[in-house]
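Peer 1: Below is a structure I'd like to ask you about.
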Amino acid sequence: MSSNCVLFTNVNIIDGSGAERYSGQVLIENNRIKQVAGTEVNLGAAGARVIDGGGKTLMPGLCDAHLHLTWNNQATLEYITMMPPEEHLIHSVNTARSVLDAGFTSGVGAASARPRFDCVLRNAINAGDIVGPRYLANTQEITTPGGLGDTSPPHLNFPELSFGKCISGPEDMRKTVRNYIKYGVDLIKLNLSGEEITPVPAKTTTMSEEEIAMAMSEIRRYGIRACAHARSAESVKQCLDHGIEIIYHASFADEECLDRLEEHKDKFFVGPGLAWLVQTAYGAADFGIPPDGELAQAYARELETAVDTMKKMHARGIRVLPGGDYGFAWTPHGTNAKDLQYFVEMIGMTPMEAIVSATKLGGEIMGQPSSLGLIAEGYFADLLLVDGDPVEDIKILQDHDKLNIIMKDGVFHKGETGT
Ligand SMILES: [Zn+2]
């Protein structure tokens, strides 16, 4: 057998499908899972590196469905672009590593802070030049003047000061989208609603139908996908109307939204981004957002509504995925697994359902449901060996010391290399 074989024995397998943990063994050949078996057969593969898992949990690597590798752990939206591009790129490279260190072997880019950063990072990861998760590269946040992403002060017309890209009108949208397609994006990001931390509140719907329709008609020519910042009910309906399949936040989705999402639950994904709401409401006092202040209280109210909405979505079988908008001072990169705890404690998912949302559903949102997100034959070898049982305690996935082995694409990112 080739030297690129690894056999995990004596492991408890959580395969990502929602099936119960079972004890077994997993054979990896090159970058794929070749065979999965229980304990009754002997998967002895001559020449394979054998790793005795000591009864620990072997599970698929996690997927962050709302990841910004270019958010730089700063305390305001304005400061995302105040970091000079050279330092910013180095920071983003280090962020990619820290996300993989946290057990996330895949991530959906949810917008890039600068025009080409996401594409450059994805390409460098894929080429093996830097270390990071599988990554879908996104555009900047495409927004409207004054909306989320427009961080230029009113008296200075320097687009570089905004982490988003402001457009006005369908032709401006067409030109913008085509430019990003030229850069090689996998996704485009449209900011359809406001956000409490900006002058435009979360329930305001900012982008016009004509602009959205133009963006969608351009991306369909190229077969790429769209995602949207959509907190208001109206903006969620725009996603449904225009076929924007990745819907971020959706806090204020109403009954009509829920009915339509349920009807098309195989098409749409919802990423509520709970960590941003939780931590901005309750964990940002050190950064000028005290919990008893107006801004934090607006987030606390939205969180309450969002939790209620997500409970309803989960009950209806709508796909709700983790990804907390990490990358602010009070939501630093590397803490991404907190979302799974929130799913269990706030939305009422079982720990296994939370794991499925980060594994099986992760493969689906990455566009690779037949090769990513499960421990099954033929799937990519993106695996974690966890010291403990995350079904017993979902929080152990936040403890990096418990992630004994992190394997991505058959390569050990962390952990022993076997005997
Ligand atoms: Zn975001």
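By convention in this document, the chains of the structure tokens carry letters A, B, ... by their order, each chain's residues are numbered from 1, and ligands are numbered from 1 in the order they are shown.
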Taking 6 positions as the minimum chain separation for residues in the same chain, which residues sit within 6 Å of A:Asn73 when counting only C-alpha atoms? Answer as a list in words.

Peer 2: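 Once the nearby chain positions are removed, what remains is Gly327, Phe328, Ala329 and Pro332 of chain A.
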
Peer 1: Counting only C-alpha atoms and all ligand atoms, which protein, DNA or RNA residues come within 12 Å of ligand 1, given as a VMD selection string?

Peer 2: chain A and resid 64 to 71 77 108 to 113 138 to 141 148 to 149 163 to 164 189 to 191 195 227 to 231 247 to 249 271 to 277 322 to 328 331

Peer 1: With C-alpha atoms retained, could you export that selection as a PDB file, in the first residue's frame?

Peer 2:
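Saved file selection.pdb follows:
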```pdb
ATOM      1  CA  ASP A  64     -17.832  28.072   9.282  1.00  0.00           C
ATOM      2  CA  ALA A  65     -20.645  29.244   7.035  1.00  0.00           C
ATOM      3  CA  HIS A  66     -19.986  32.953   7.613  1.00  0.00           C
ATOM      4  CA  LEU A  67     -16.267  33.567   7.657  1.00  0.00           C
ATOM      5  CA  HIS A  68     -14.336  36.767   7.046  1.00  0.00           C
ATOM      6  CA  LEU A  69     -10.619  35.973   6.812  1.00  0.00           C
ATOM      7  CA  THR A  70      -9.964  39.690   6.268  1.00  0.00           C
ATOM      8  CA  TRP A  71     -11.732  41.024   9.363  1.00  0.00           C
ATOM      9  CA  LEU A  77     -16.061  48.724  11.270  1.00  0.00           C
ATOM     10  CA  VAL A 108     -17.673  30.186   3.308  1.00  0.00           C
ATOM     11  CA  GLY A 109     -16.207  33.634   2.730  1.00  0.00           C
ATOM     12  CA  ALA A 110     -18.926  36.073   3.743  1.00  0.00           C
ATOM     13  CA  ALA A 111     -17.220  39.156   2.239  1.00  0.00           C
ATOM     14  CA  SER A 112     -13.721  40.458   1.793  1.00  0.00           C
ATOM     15  CA  ALA A 113     -12.455  43.721   3.240  1.00  0.00           C
ATOM     16  CA  ASN A 138     -16.244  36.477  -1.847  1.00  0.00           C
ATOM     17  CA  THR A 139     -16.518  40.064  -3.038  1.00  0.00           C
ATOM     18  CA  GLN A 140     -16.453  43.070  -0.796  1.00  0.00           C
ATOM     19  CA  GLU A 141     -19.817  43.795   0.756  1.00  0.00           C
ATOM     20  CA  LEU A 148     -23.381  48.700   5.952  1.00  0.00           C
ATOM     21  CA  GLY A 149     -19.910  48.657   4.413  1.00  0.00           C
ATOM     22  CA  PHE A 163     -14.608  47.906   3.496  1.00  0.00           C
ATOM     23  CA  GLY A 164     -17.657  47.628   1.250  1.00  0.00           C
ATOM     24  CA  LYS A 189     -22.220  39.454  -1.276  1.00  0.00           C
ATOM     25  CA  LEU A 190     -25.131  41.861  -1.354  1.00  0.00           C
ATOM     26  CA  ASN A 191     -26.043  43.985   1.659  1.00  0.00           C
ATOM     27  CA  GLU A 195     -27.316  46.962  10.750  1.00  0.00           C
ATOM     28  CA  CYS A 227     -25.191  35.498  -0.422  1.00  0.00           C
ATOM     29  CA  ALA A 228     -26.815  38.402   1.354  1.00  0.00           C
ATOM     30  CA  HIS A 229     -26.773  40.389   4.541  1.00  0.00           C
ATOM     31  CA  ALA A 230     -30.502  40.314   5.211  1.00  0.00           C
ATOM     32  CA  ARG A 231     -31.813  41.163   8.667  1.00  0.00           C
ATOM     33  CA  ILE A 247     -29.148  34.206   3.668  1.00  0.00           C
ATOM     34  CA  TYR A 248     -27.179  35.752   6.504  1.00  0.00           C
ATOM     35  CA  HIS A 249     -28.844  36.854   9.753  1.00  0.00           C
ATOM     36  CA  GLY A 271     -26.571  31.684   8.827  1.00  0.00           C
ATOM     37  CA  PRO A 272     -27.800  33.756  11.779  1.00  0.00           C
ATOM     38  CA  GLY A 273     -24.349  34.878  12.950  1.00  0.00           C
ATOM     39  CA  LEU A 274     -25.255  34.538  16.594  1.00  0.00           C
ATOM     40  CA  ALA A 275     -21.820  35.277  18.072  1.00  0.00           C
ATOM     41  CA  TRP A 276     -21.923  38.805  16.696  1.00  0.00           C
ATOM     42  CA  LEU A 277     -25.318  39.464  18.300  1.00  0.00           C
ATOM     43  CA  PRO A 322     -22.914  28.216  12.299  1.00  0.00           C
ATOM     44  CA  GLY A 323     -20.682  31.158  11.490  1.00  0.00           C
ATOM     45  CA  GLY A 324     -20.715  34.076  13.877  1.00  0.00           C
ATOM     46  CA  ASP A 325     -19.169  36.942  11.914  1.00  0.00           C
ATOM     47  CA  TYR A 326     -15.936  36.408  13.854  1.00  0.00           C
ATOM     48  CA  GLY A 327     -13.128  38.919  13.472  1.00  0.00           C
ATOM     49  CA  PHE A 328     -14.027  41.815  15.768  1.00  0.00           C
ATOM     50  CA  THR A 331     -15.421  38.078  18.632  1.00  0.00           C
TER      51      THR A 331
END
```

Peer 1: Applying 8 Å and only C-alpha atoms, which residues near stretch 263-265 of chain A remain after dropping the ones on its own chain fewer than 6 positions away? List them as a PyMOL selection string.

Peer 2: chain A and resi 317-319

Peer 1: For the helix (DSSP H, G or I) assignment from backbone DSSP, which residues of stretch 114-330 of chain A qualify? Please present them as a PyMOL selection string.

Peer 2: chain A and resi 117-127+159-161+170-183+209-222+233-242+255-263+274-282+285-287+294-315

Peer 1: Which is closest to A:Asn31 among A:Asn4, A:Asn10, A:Thr350, A:Asn404, if we use only C-alpha atoms?

Peer 2: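 Under the stated criterion, the closest residue is A:Asn4.
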
Peer 1: Running DSSP on the backbone, which parts of stretch 283-367 of chain A land in strand (DSSP E or B), as a list in words?

Peer 2: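 Selecting the strand (DSSP E or B) positions of stretch 283-367 of chain A gives Arg319, Val320, Phe328 and Thr331 of chain A.
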
Peer 1: Go through A:Thr144, A:Asp339, A:Pro159, A:His91 and flag the residue nearest A:Pro115, using only C-alpha atoms for the distances.

Peer 2: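 Of all the options, A:Pro159 lies closest to A:Pro115.
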
Peer 1: Report as a list in words all protein, DNA and RNA residues lying within 9 Å of A:Ala37, evaluated on only C-alpha atoms, omitting residues in the same chain fewer than 5 positions from it.

Peer 2: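 Answer for this query is Ser23, Gly24, Gln25, Val26, Leu27, Asn42 and Leu43 of chain A.
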
Peer 1: Ranking A:Ile406, A:Ile197, A:Ala306, A:Leu258 by minimum distance to A:Leu385 and counting only C-alpha atoms, which one comes first?

Peer 2: A:Ile406

Peer 1: Between atom CA of A:Val270 and atom CA of A:Glu245, what is the spacing in Å?

Peer 2: 8.4 Å
